[in-house]
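Shown below: input-v6.tsv, with TSV, C-alpha atoms.
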chain	number	residue	atom	x	y	z
S	1	MET	CA	-53.16	47.60	-42.19
S	2	ASN	CA	-56.22	47.74	-44.42
S	3	HIS	CA	-57.22	44.71	-46.48
S	4	ALA	CA	-56.48	46.28	-49.87
S	5	ILE	CA	-52.88	47.05	-48.94
S	6	ARG	CA	-52.39	43.65	-47.30
S	7	THR	CA	-53.57	41.98	-50.48
S	8	ARG	CA	-51.18	43.98	-52.65
S	9	LEU	CA	-48.27	43.42	-50.30
S	10	ARG	CA	-48.62	39.65	-50.60
S	11	GLY	CA	-47.37	39.89	-54.22
S	12	ALA	CA	-44.46	37.89	-55.49
S	13	ALA	CA	-41.10	38.56	-53.85
S	14	VAL	CA	-38.58	40.54	-55.83
S	15	THR	CA	-35.43	38.70	-56.85
S	16	LEU	CA	-32.60	41.17	-56.57
S	17	ALA	CA	-29.12	40.83	-57.95
S	18	LEU	CA	-26.07	39.84	-55.95
S	19	LEU	CA	-24.62	42.54	-53.70
S	20	PRO	CA	-20.97	42.11	-52.74
S	21	LEU	CA	-20.20	43.21	-49.22
S	22	LEU	CA	-17.90	46.06	-50.15
S	23	ALA	CA	-20.50	47.64	-52.41
S	24	LEU	CA	-22.13	48.87	-49.23
S	25	THR	CA	-21.57	52.51	-48.46
S	26	ALA	CA	-23.88	54.94	-46.74
S	27	CYS	CA	-27.55	54.23	-46.21
S	28	GLY	CA	-30.24	56.22	-44.55
S	29	SER	CA	-28.69	55.10	-41.32
S	30	GLY	CA	-25.33	56.63	-42.05
S	31	ASP	CA	-23.38	58.92	-44.24
S	32	GLY	CA	-20.93	58.82	-47.12
S	33	ASP	CA	-21.17	59.47	-50.82
S	34	GLY	CA	-23.06	56.37	-51.87
S	35	ARG	CA	-20.40	55.13	-54.25
S	36	ALA	CA	-19.27	51.54	-54.38
S	37	THR	CA	-15.77	50.64	-53.27
S	38	ALA	CA	-13.34	50.23	-56.15
S	39	GLY	CA	-13.80	46.87	-57.82
S	40	ALA	CA	-17.25	46.26	-56.33
S	41	GLN	CA	-20.40	46.20	-58.45
S	42	ALA	CA	-23.71	47.33	-57.01
S	43	PRO	CA	-26.77	45.30	-58.06
S	44	ALA	CA	-28.90	46.29	-61.01
S	45	ALA	CA	-32.22	47.87	-60.08
S	46	PRO	CA	-35.41	45.87	-60.68
S	47	ALA	CA	-36.92	46.79	-64.05
S	48	ASP	CA	-40.43	47.43	-62.73
S	49	ASP	CA	-41.39	51.13	-62.68
S	50	PRO	CA	-44.54	51.60	-60.57
S	51	VAL	CA	-44.11	55.38	-60.70
S	52	ALA	CA	-44.21	55.73	-64.50
S	53	GLY	CA	-47.97	56.14	-64.95
S	54	LEU	CA	-48.57	58.62	-62.14
S	55	ARG	CA	-50.11	61.99	-62.85
S	56	LYS	CA	-50.62	65.20	-60.90
S	57	VAL	CA	-53.58	65.11	-58.49
S	58	ASP	CA	-54.96	68.64	-58.40
S	59	ALA	CA	-56.66	68.30	-55.00
S	60	VAL	CA	-53.35	67.27	-53.43
S	61	ALA	CA	-51.19	69.73	-55.36
S	62	SER	CA	-53.44	72.59	-54.22
S	63	LEU	CA	-52.13	72.03	-50.68
S	64	LEU	CA	-48.69	73.28	-51.69
S	65	PRO	CA	-47.83	76.92	-50.99
S	66	ALA	CA	-48.61	79.11	-54.00
S	67	GLY	CA	-44.95	80.00	-54.48
S	68	VAL	CA	-43.94	76.35	-54.74
S	69	ARG	CA	-46.73	75.61	-57.23
S	70	GLU	CA	-45.58	78.51	-59.37
S	71	ALA	CA	-41.89	77.58	-59.20
S	72	GLY	CA	-42.66	73.91	-59.83
S	73	THR	CA	-39.51	72.66	-58.12
S	74	LEU	CA	-38.33	71.50	-54.71
S	75	ARG	CA	-34.72	71.21	-53.52
S	76	VAL	CA	-34.03	67.80	-52.01
S	77	GLY	CA	-31.02	66.87	-49.90
S	78	SER	CA	-30.60	63.14	-50.56
S	79	SER	CA	-28.39	60.62	-48.76
S	80	ILE	CA	-27.57	57.80	-51.18
S	81	GLY	CA	-26.30	54.49	-49.84
S	82	PHE	CA	-27.19	50.85	-50.40
S	83	PRO	CA	-30.31	48.85	-51.28
S	84	PRO	CA	-33.15	48.72	-50.70
S	85	GLY	CA	-33.33	52.38	-49.62
S	86	ALA	CA	-31.23	54.40	-52.08
S	87	TYR	CA	-28.08	53.49	-53.99
S	88	TYR	CA	-26.27	53.77	-57.31
S	89	PRO	CA	-26.96	50.55	-59.25
S	90	ASN	CA	-24.51	51.35	-62.05
S	91	GLY	CA	-21.99	53.59	-60.39
S	92	ALA	CA	-22.17	57.23	-59.37
S	93	ASP	CA	-22.37	58.44	-62.97
S	94	LYS	CA	-25.87	56.97	-63.30
S	95	ALA	CA	-29.18	57.83	-61.66
S	96	PRO	CA	-29.80	56.47	-58.16
S	97	ALA	CA	-32.42	53.79	-57.48
S	98	GLY	CA	-34.20	52.39	-54.46
S	99	GLN	CA	-37.33	52.51	-52.40
S	100	ASP	CA	-36.73	56.08	-51.16
S	101	ILE	CA	-35.98	57.30	-54.70
S	102	ASP	CA	-39.22	55.79	-56.01
S	103	ILE	CA	-41.38	57.12	-53.18
S	104	ALA	CA	-39.95	60.63	-53.47
S	105	GLY	CA	-40.42	60.54	-57.24
S	106	ALA	CA	-44.01	59.34	-56.86
S	107	VAL	CA	-44.82	62.11	-54.37
S	108	ALA	CA	-43.36	64.69	-56.75
S	109	LYS	CA	-45.57	63.43	-59.60
S	110	VAL	CA	-48.71	63.61	-57.45
S	111	LEU	CA	-47.78	67.15	-56.41
S	112	GLY	CA	-46.91	68.19	-59.96
S	113	VAL	CA	-43.39	69.36	-59.10
S	114	LYS	CA	-39.86	68.42	-60.11
S	115	LEU	CA	-37.21	67.46	-57.58
S	116	GLU	CA	-33.81	69.11	-57.73
S	117	ARG	CA	-31.91	66.38	-55.91
S	118	GLN	CA	-28.51	67.05	-54.39
S	119	ASP	CA	-26.42	64.23	-52.97
S	120	ALA	CA	-25.41	64.96	-49.39
S	121	SER	CA	-23.86	63.07	-46.51
S	122	PHE	CA	-26.43	61.89	-44.01
S	123	GLU	CA	-25.34	63.97	-41.02
S	124	THR	CA	-25.35	67.25	-42.99
S	125	ILE	CA	-28.93	67.13	-44.29
S	126	LEU	CA	-30.98	67.92	-41.17
S	127	PRO	CA	-28.91	71.01	-40.22
S	128	ALA	CA	-29.10	72.19	-43.85
S	129	LEU	CA	-32.90	72.12	-43.72
S	130	GLY	CA	-32.84	74.70	-40.97
S	131	SER	CA	-30.53	76.95	-42.97
S	132	GLY	CA	-32.83	76.79	-45.99
S	133	LYS	CA	-30.40	74.95	-48.26
S	134	TYR	CA	-32.96	72.21	-48.93
S	135	ASP	CA	-36.76	72.16	-48.88
S	136	VAL	CA	-36.90	68.49	-47.93
S	137	GLY	CA	-34.46	65.78	-46.88
S	138	THR	CA	-34.46	62.05	-47.64
S	139	GLY	CA	-32.20	59.35	-46.25
S	140	ASN	CA	-34.19	56.90	-44.12
S	141	PHE	CA	-34.51	59.48	-41.34
S	142	GLY	CA	-36.03	57.89	-38.27
S	143	VAL	CA	-38.50	59.94	-36.25
S	144	THR	CA	-37.09	60.44	-32.75
S	145	THR	CA	-38.06	62.63	-29.83
S	146	GLU	CA	-34.77	64.52	-30.09
S	147	ARG	CA	-35.11	65.19	-33.82
S	148	LEU	CA	-38.70	66.37	-33.42
S	149	LYS	CA	-37.41	69.34	-31.46
S	150	THR	CA	-35.96	70.89	-34.61
S	151	ILE	CA	-37.34	68.89	-37.57
S	152	ASP	CA	-40.81	68.15	-38.95
S	153	PHE	CA	-41.45	64.71	-40.43
S	154	VAL	CA	-43.96	63.22	-42.84
S	155	THR	CA	-43.83	59.44	-42.52
S	156	TYR	CA	-43.77	57.00	-45.44
S	157	ILE	CA	-42.46	53.73	-44.01
S	158	ASN	CA	-41.64	51.95	-40.75
S	159	ASP	CA	-38.06	50.69	-40.45
S	160	GLY	CA	-35.77	51.00	-37.45
S	161	GLN	CA	-32.71	49.60	-35.72
S	162	GLY	CA	-31.14	46.19	-36.04
S	163	PHE	CA	-27.84	44.35	-35.64
S	164	ALA	CA	-25.66	42.11	-37.80
S	165	VAL	CA	-22.55	40.05	-37.19
S	166	LYS	CA	-20.05	38.28	-39.40
S	167	LYS	CA	-21.61	35.16	-40.88
S	168	GLY	CA	-20.98	32.18	-38.63
S	169	ASP	CA	-20.46	34.27	-35.47
S	170	THR	CA	-22.69	32.82	-32.76
S	171	LYS	CA	-21.60	34.81	-29.72
S	172	LEU	CA	-24.90	36.74	-29.61
S	173	GLY	CA	-27.08	33.70	-30.09
S	174	GLY	CA	-28.80	34.86	-33.26
S	175	LYS	CA	-30.77	37.82	-31.89
S	176	VAL	CA	-30.19	41.01	-29.91
S	177	THR	CA	-33.09	42.04	-27.69
S	178	ASP	CA	-31.25	43.97	-24.97
S	179	LEU	CA	-28.14	46.15	-25.12
S	180	THR	CA	-26.63	44.29	-22.16
S	181	GLN	CA	-25.98	41.45	-24.62
S	182	LEU	CA	-23.39	43.75	-26.20
S	183	CYS	CA	-21.42	44.36	-23.01
S	184	GLY	CA	-17.72	43.80	-23.60
S	185	LEU	CA	-18.10	43.94	-27.38
S	186	THR	CA	-17.17	46.57	-29.97
S	187	ILE	CA	-20.03	47.95	-32.05
S	188	GLY	CA	-19.66	49.74	-35.37
S	189	THR	CA	-22.20	52.25	-36.65
S	190	GLY	CA	-22.63	55.42	-38.72
S	191	ALA	CA	-22.03	59.03	-37.73
S	192	GLY	CA	-25.01	61.20	-36.85
S	193	THR	CA	-27.44	58.28	-36.76
S	194	THR	CA	-30.12	57.12	-34.34
S	195	PHE	CA	-27.87	54.11	-33.75
S	196	GLU	CA	-25.00	56.24	-32.50
S	197	ALA	CA	-27.43	58.23	-30.35
S	198	THR	CA	-28.99	55.10	-28.83
S	199	LEU	CA	-25.65	53.49	-28.05
S	200	THR	CA	-24.30	56.69	-26.51
S	201	ALA	CA	-27.39	57.45	-24.45
S	202	ARG	CA	-27.57	53.93	-23.01
S	203	ARG	CA	-23.87	53.29	-22.50
S	204	ASN	CA	-24.43	52.94	-18.75
S	205	VAL	CA	-26.55	49.75	-19.05
S	206	CYS	CA	-23.50	47.53	-18.78
S	207	ALA	CA	-22.21	49.18	-15.60
S	208	GLU	CA	-25.67	48.90	-14.09
S	209	ALA	CA	-25.63	45.19	-14.90
S	210	GLY	CA	-22.16	44.78	-13.43
S	211	LYS	CA	-20.61	44.04	-16.81
S	212	LYS	CA	-17.76	45.41	-18.89
S	213	PRO	CA	-18.99	48.35	-21.05
S	214	TYR	CA	-19.35	48.04	-24.78
S	215	ASP	CA	-17.21	50.17	-27.08
S	216	VAL	CA	-18.64	52.15	-30.00
S	217	LYS	CA	-16.71	52.89	-33.18
S	218	VAL	CA	-18.29	55.43	-35.55
S	219	TYR	CA	-17.56	55.32	-39.28
S	220	SER	CA	-18.12	57.91	-41.98
S	221	GLU	CA	-18.96	55.24	-44.58
S	222	ASN	CA	-20.79	51.95	-44.23
S	223	ALA	CA	-18.19	50.24	-46.41
S	224	ALA	CA	-15.62	50.97	-43.70
S	225	THR	CA	-17.97	49.61	-41.04
S	226	PHE	CA	-18.46	46.28	-42.78
S	227	THR	CA	-14.78	46.00	-43.66
S	228	ALA	CA	-14.01	46.43	-39.96
S	229	LEU	CA	-16.50	43.66	-39.17
S	230	GLN	CA	-14.89	41.23	-41.59
S	231	GLN	CA	-11.41	42.08	-40.30
S	232	GLY	CA	-12.45	41.52	-36.69
S	233	ARG	CA	-11.94	45.12	-35.56
S	234	ILE	CA	-15.57	45.29	-34.46
S	235	ASP	CA	-17.88	42.50	-33.30
S	236	VAL	CA	-21.26	43.73	-34.45
S	237	VAL	CA	-22.85	46.36	-36.71
S	238	MET	CA	-25.91	48.45	-35.79
S	239	SER	CA	-27.83	49.81	-38.77
S	240	THR	CA	-31.25	49.79	-40.45
S	241	ILE	CA	-33.51	46.75	-40.24
S	242	ASN	CA	-34.27	46.72	-43.96
S	243	GLY	CA	-30.68	47.34	-45.03
S	244	LEU	CA	-29.19	44.63	-42.82
S	245	ARG	CA	-31.94	42.16	-43.68
S	246	TYR	CA	-31.44	42.79	-47.39
S	247	GLN	CA	-27.68	42.37	-47.17
S	248	ALA	CA	-27.87	39.12	-45.17
S	249	ALA	CA	-30.35	37.65	-47.67
S	250	GLN	CA	-27.96	37.91	-50.63
S	251	PRO	CA	-26.53	34.62	-52.01
S	252	ALA	CA	-22.94	35.54	-51.15
S	253	ALA	CA	-23.74	37.33	-47.89
S	254	GLN	CA	-20.92	37.63	-45.39
S	255	THR	CA	-23.16	38.83	-42.55
S	256	ALA	CA	-25.99	37.42	-40.44
S	257	PHE	CA	-28.96	39.58	-39.44
S	258	LEU	CA	-29.77	39.47	-35.72
S	259	GLY	CA	-33.37	40.65	-35.95
S	260	GLU	CA	-35.28	43.80	-35.16
S	261	PHE	CA	-34.20	45.71	-32.08
S	262	HIS	CA	-36.28	48.91	-32.18
S	263	ARG	CA	-38.84	50.00	-34.78
S	264	LEU	CA	-38.95	53.63	-35.90
S	265	ASP	CA	-41.21	55.57	-38.23
S	266	VAL	CA	-39.22	56.95	-41.15
S	267	GLY	CA	-40.15	60.11	-42.99
S	268	PHE	CA	-39.38	63.00	-45.27
S	269	ALA	CA	-37.61	65.65	-43.20
S	270	PHE	CA	-38.43	69.39	-43.21
S	271	ARG	CA	-37.39	72.45	-41.26
S	272	LYS	CA	-39.61	73.09	-38.25
S	273	GLY	CA	-42.83	74.80	-39.28
S	274	SER	CA	-42.44	74.01	-42.98
S	275	PRO	CA	-45.61	74.68	-45.00
S	276	LEU	CA	-44.88	71.60	-47.15
S	277	THR	CA	-45.80	68.90	-44.64
S	278	VAL	CA	-49.57	68.83	-45.23
S	279	ALA	CA	-49.13	68.45	-48.99
S	280	PHE	CA	-46.53	65.69	-48.60
S	281	GLN	CA	-48.74	63.81	-46.15
S	282	ALA	CA	-51.67	64.00	-48.58
S	283	ALA	CA	-49.42	62.83	-51.43
S	284	VAL	CA	-48.20	59.77	-49.51
S	285	ASP	CA	-51.78	58.94	-48.55
S	286	GLU	CA	-52.77	59.22	-52.23
S	287	LEU	CA	-50.04	56.74	-53.16
S	288	ILE	CA	-51.34	54.34	-50.51
S	289	ARG	CA	-54.90	54.79	-51.77
S	290	ASN	CA	-54.13	54.25	-55.45
S	291	GLY	CA	-51.87	51.23	-54.92
S	292	THR	CA	-48.60	52.80	-56.07
S	293	TYR	CA	-47.17	52.61	-52.56
S	294	ALA	CA	-47.78	48.87	-52.33
S	295	ARG	CA	-46.18	48.28	-55.73
S	296	ILE	CA	-43.06	50.25	-54.77
S	297	LEU	CA	-42.63	48.20	-51.60
S	298	GLU	CA	-43.21	44.97	-53.54
S	299	LYS	CA	-40.50	46.03	-55.97
S	300	TRP	CA	-37.93	46.53	-53.22
S	301	GLY	CA	-38.94	43.69	-50.92
S	302	THR	CA	-39.91	45.95	-48.00
S	303	THR	CA	-43.59	45.07	-47.66
S	304	ALA	CA	-43.17	44.24	-43.97
S	305	SER	CA	-42.42	47.93	-43.37
S	306	ALA	CA	-45.64	49.28	-44.90
S	307	ILE	CA	-47.74	51.89	-43.10
S	308	ASP	CA	-51.52	52.36	-43.31
S	309	ALA	CA	-51.42	56.15	-43.46
S	310	SER	CA	-48.85	58.94	-43.40
S	311	LYS	CA	-48.47	60.99	-40.23
S	312	ILE	CA	-46.96	64.36	-39.45
S	313	ASN	CA	-44.61	64.28	-36.44
S	314	PRO	CA	-45.81	61.10	-34.74
S	315	PRO	CA	-44.23	60.39	-31.32
S	316	GLU	CA	-41.23	58.10	-31.28
S	317	HIS	CA	-42.03	54.43	-30.79
S	318	ARG	CA	-41.16	53.25	-27.30

Can the structure from this file be put into structure tokens for me?
Amino acid sequence: MNHAIRTRLRGAAVTLALLPLLALTACGSGDGDGRATAGAQAPAAPADDPVAGLRKVDAVASLLPAGVREAGTLRVGSSIGFPPGAYYPNGADKAPAGQDIDIAGAVAKVLGVKLERQDASFETILPALGSGKYDVGTGNFGVTTERLKTIDFVTYINDGQGFAVKKGDTKLGGKVTDLTQLCGLTIGTGAGTTFEATLTARRNVCAEAGKKPYDVKVYSENAATFTALQQGRIDVVMSTINGLRYQAAQPAAQTAFLGEFHRLDVGFAFRKGSPLTVAFQAAVDELIRNGTYARILEKWGTTASAIDASKINPPEHR
């Protein structure tokens, strides 16, 4: 990471409001409608607005297809879940907030376009890109070899896969570094995610190690996943690094984060061959150059996930 970004990312940590466990619904790692469970209150968004002063950058906007520049709008399929990625801080009747919301909004300002955002469940967005329903998708979409077959990505952050257990549970020793540690346990995760794909593809690791296989339970909403954890119906949750780390850091946290398992680049998603990727890459790079990117990550406490430059369709991390 270059020195300028490192310097900015060492800024003061953001103090975020308390997040009750059941306020968690879908994040970029899962699906759902992003609304808090009845009786739960999502945290207020930090007041800082690093996107406010941004203006259109003509050299970057010129990379958009002429038709898009003339229309001035882009249709965005957006998966809204829990902090720090994207969530509803004041209920579903208010505007969403989060790192992904700010980055998408900043890119739109640099490109001189407006975003027509439509809430969508996580697992429906990528197929809808191919059908032309959306121009771009957001929802903490990890770049994987399988997804690259049908989707183009423009990266804007590095997140990935992690695990969490009920606070006080020590059976996994505080960190998961190998899936064989999960043998004999029940794992909860979200539908249509990289987590579900990883657990399914590597289900044979326990048999190869001569151990009892792990069981996977898939949930349509993250709230249901974490409720199952607290009720003892699952032993461990697999979800995003940043989301699980954020949740476990809250004053009244009921979970413990078990560390990073597998890092993944995360990006804006497009149909294969989309003419928008070059413009989006240039816009993200402009945000990195002018310091807006660093300020957004400072705001949401995700500075450890910063990238030096945006990439189009990078290979999956191995």

**Fill in**
Min atom-atom distance to Gly77 in chain S from the set S:Gly174, S:Gly267, S:Gly139, S:Gly210, counting only C-alpha atoms, belongs to S:Gly139

Once 5 Å is added on each side, what are the centre and the three edge lengths, in Å to one decimal, of the axis-aligned box enclosing the listed atoms of range 254-262 of chain S? Present them as AutoDock Vina command-line options.
--center_x -28.6 --center_y 43.2 --center_z -38.7 --size_x 25.4 --size_y 21.5 --size_z 23.3

**Message:** Report, in Å with one decimal, the straight-line distance from CA of Lys211 in chain S to CA of Asp178 in chain S.
**Reply:**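 Result for CA of Lys211 in chain S versus CA of Asp178 in chain S: 13.4 Å, one decimal.
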
**Prompt:** Neighbours of range 226-234 of chain S within 6 Å (all atoms listed in the file; same-chain residues fewer than 3 positions away dropped), as a PyMOL selection string?
**Reply:** chain S and resi 186-187+223

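Proximity of S:Cys183, S:Leu244, S:Ala306, S:Leu258 to Gly168 in chain S, computed with all atoms listed in the file, is greatest for S:Leu258.
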
**Request:** Identify the residues within 7 Å of coordinate (-45.2, 64.4, -44.9) (same frame as the file), considering all atoms listed in the file, and give the answer as a list of chain:residue names.
**Result:**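 Residues with an atom close enough to that point: S:Phe153, S:Val154, S:Thr155, S:Gly267, S:Phe268, S:Thr277, S:Val278, S:Ala279, S:Phe280, S:Gln281, S:Ser310, S:Lys311, S:Ile312.
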
**Message:** Rounded to one decimal, what separation in Å do you get between CA of Tyr156 in chain S and CA of Gln250 in chain S?
**Reply:**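 Separation of CA of Tyr156 in chain S and CA of Gln250 in chain S: 25.3 Å.
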
**Residues near Cys206 in chain S, cut-off 9 Å, all atoms listed in the file, skip fewer than 4 positions along chain, as a list in words** =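 Counting all atoms listed in the file, the residues come to Leu179, Thr180, Gln181, Leu182, Cys183, Gly184, Arg202, Gly210, Lys211, Lys212, Pro213 and Tyr214 of chain S.
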
**Request:** Could you tell me which of S:Glu286, S:Asp152, S:Asp48, S:Asp265 comes closest to Ala61 in chain S if we count all atoms listed in the file?
**Result:**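 Checking each of S:Glu286, S:Asp152, S:Asp48, S:Asp265 against Ala61 in chain S, counting all atoms listed in the file, the winner is S:Glu286.
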
**Request:** Would you work out the distance separating CA of Phe261 in chain S from CA of Gly162 in chain S, expressed in Å to one decimal?
**Result:**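 Between CA of Phe261 in chain S and CA of Gly162 in chain S the gap works out to 5.0 Å.
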
**Asked** Using only C-alpha atoms, which residue out of S:Lys166, S:Phe270, S:Tyr246, S:Lys149 lies closest to Trp300 in chain S?
**Response** S:Tyr246

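Here the question is which of S:Ala256, S:Val218, S:Thr193, S:His317 gets nearest to Lys171 in chain S using all atoms listed in the file, and that residue is S:Ala256.
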
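Residue nearest Gln161 in chain S, chosen from S:Asn222, S:Asn242, S:Ser62, S:Thr145 and counting all atoms listed in the file: S:Asn242.
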
**Item:** Spatial neighbours of Ile103 in chain S, max dist 9 Å, only C-alpha atoms, sep filter under 2 positions, as a list in words
**Value:** Val51, Gly98, Gln99, Asp100, Ile101, Gly105, Ala106, Val107, Ala108, Tyr156, Val284, Leu287, Thr292, Tyr293 and Ile296 of chain S
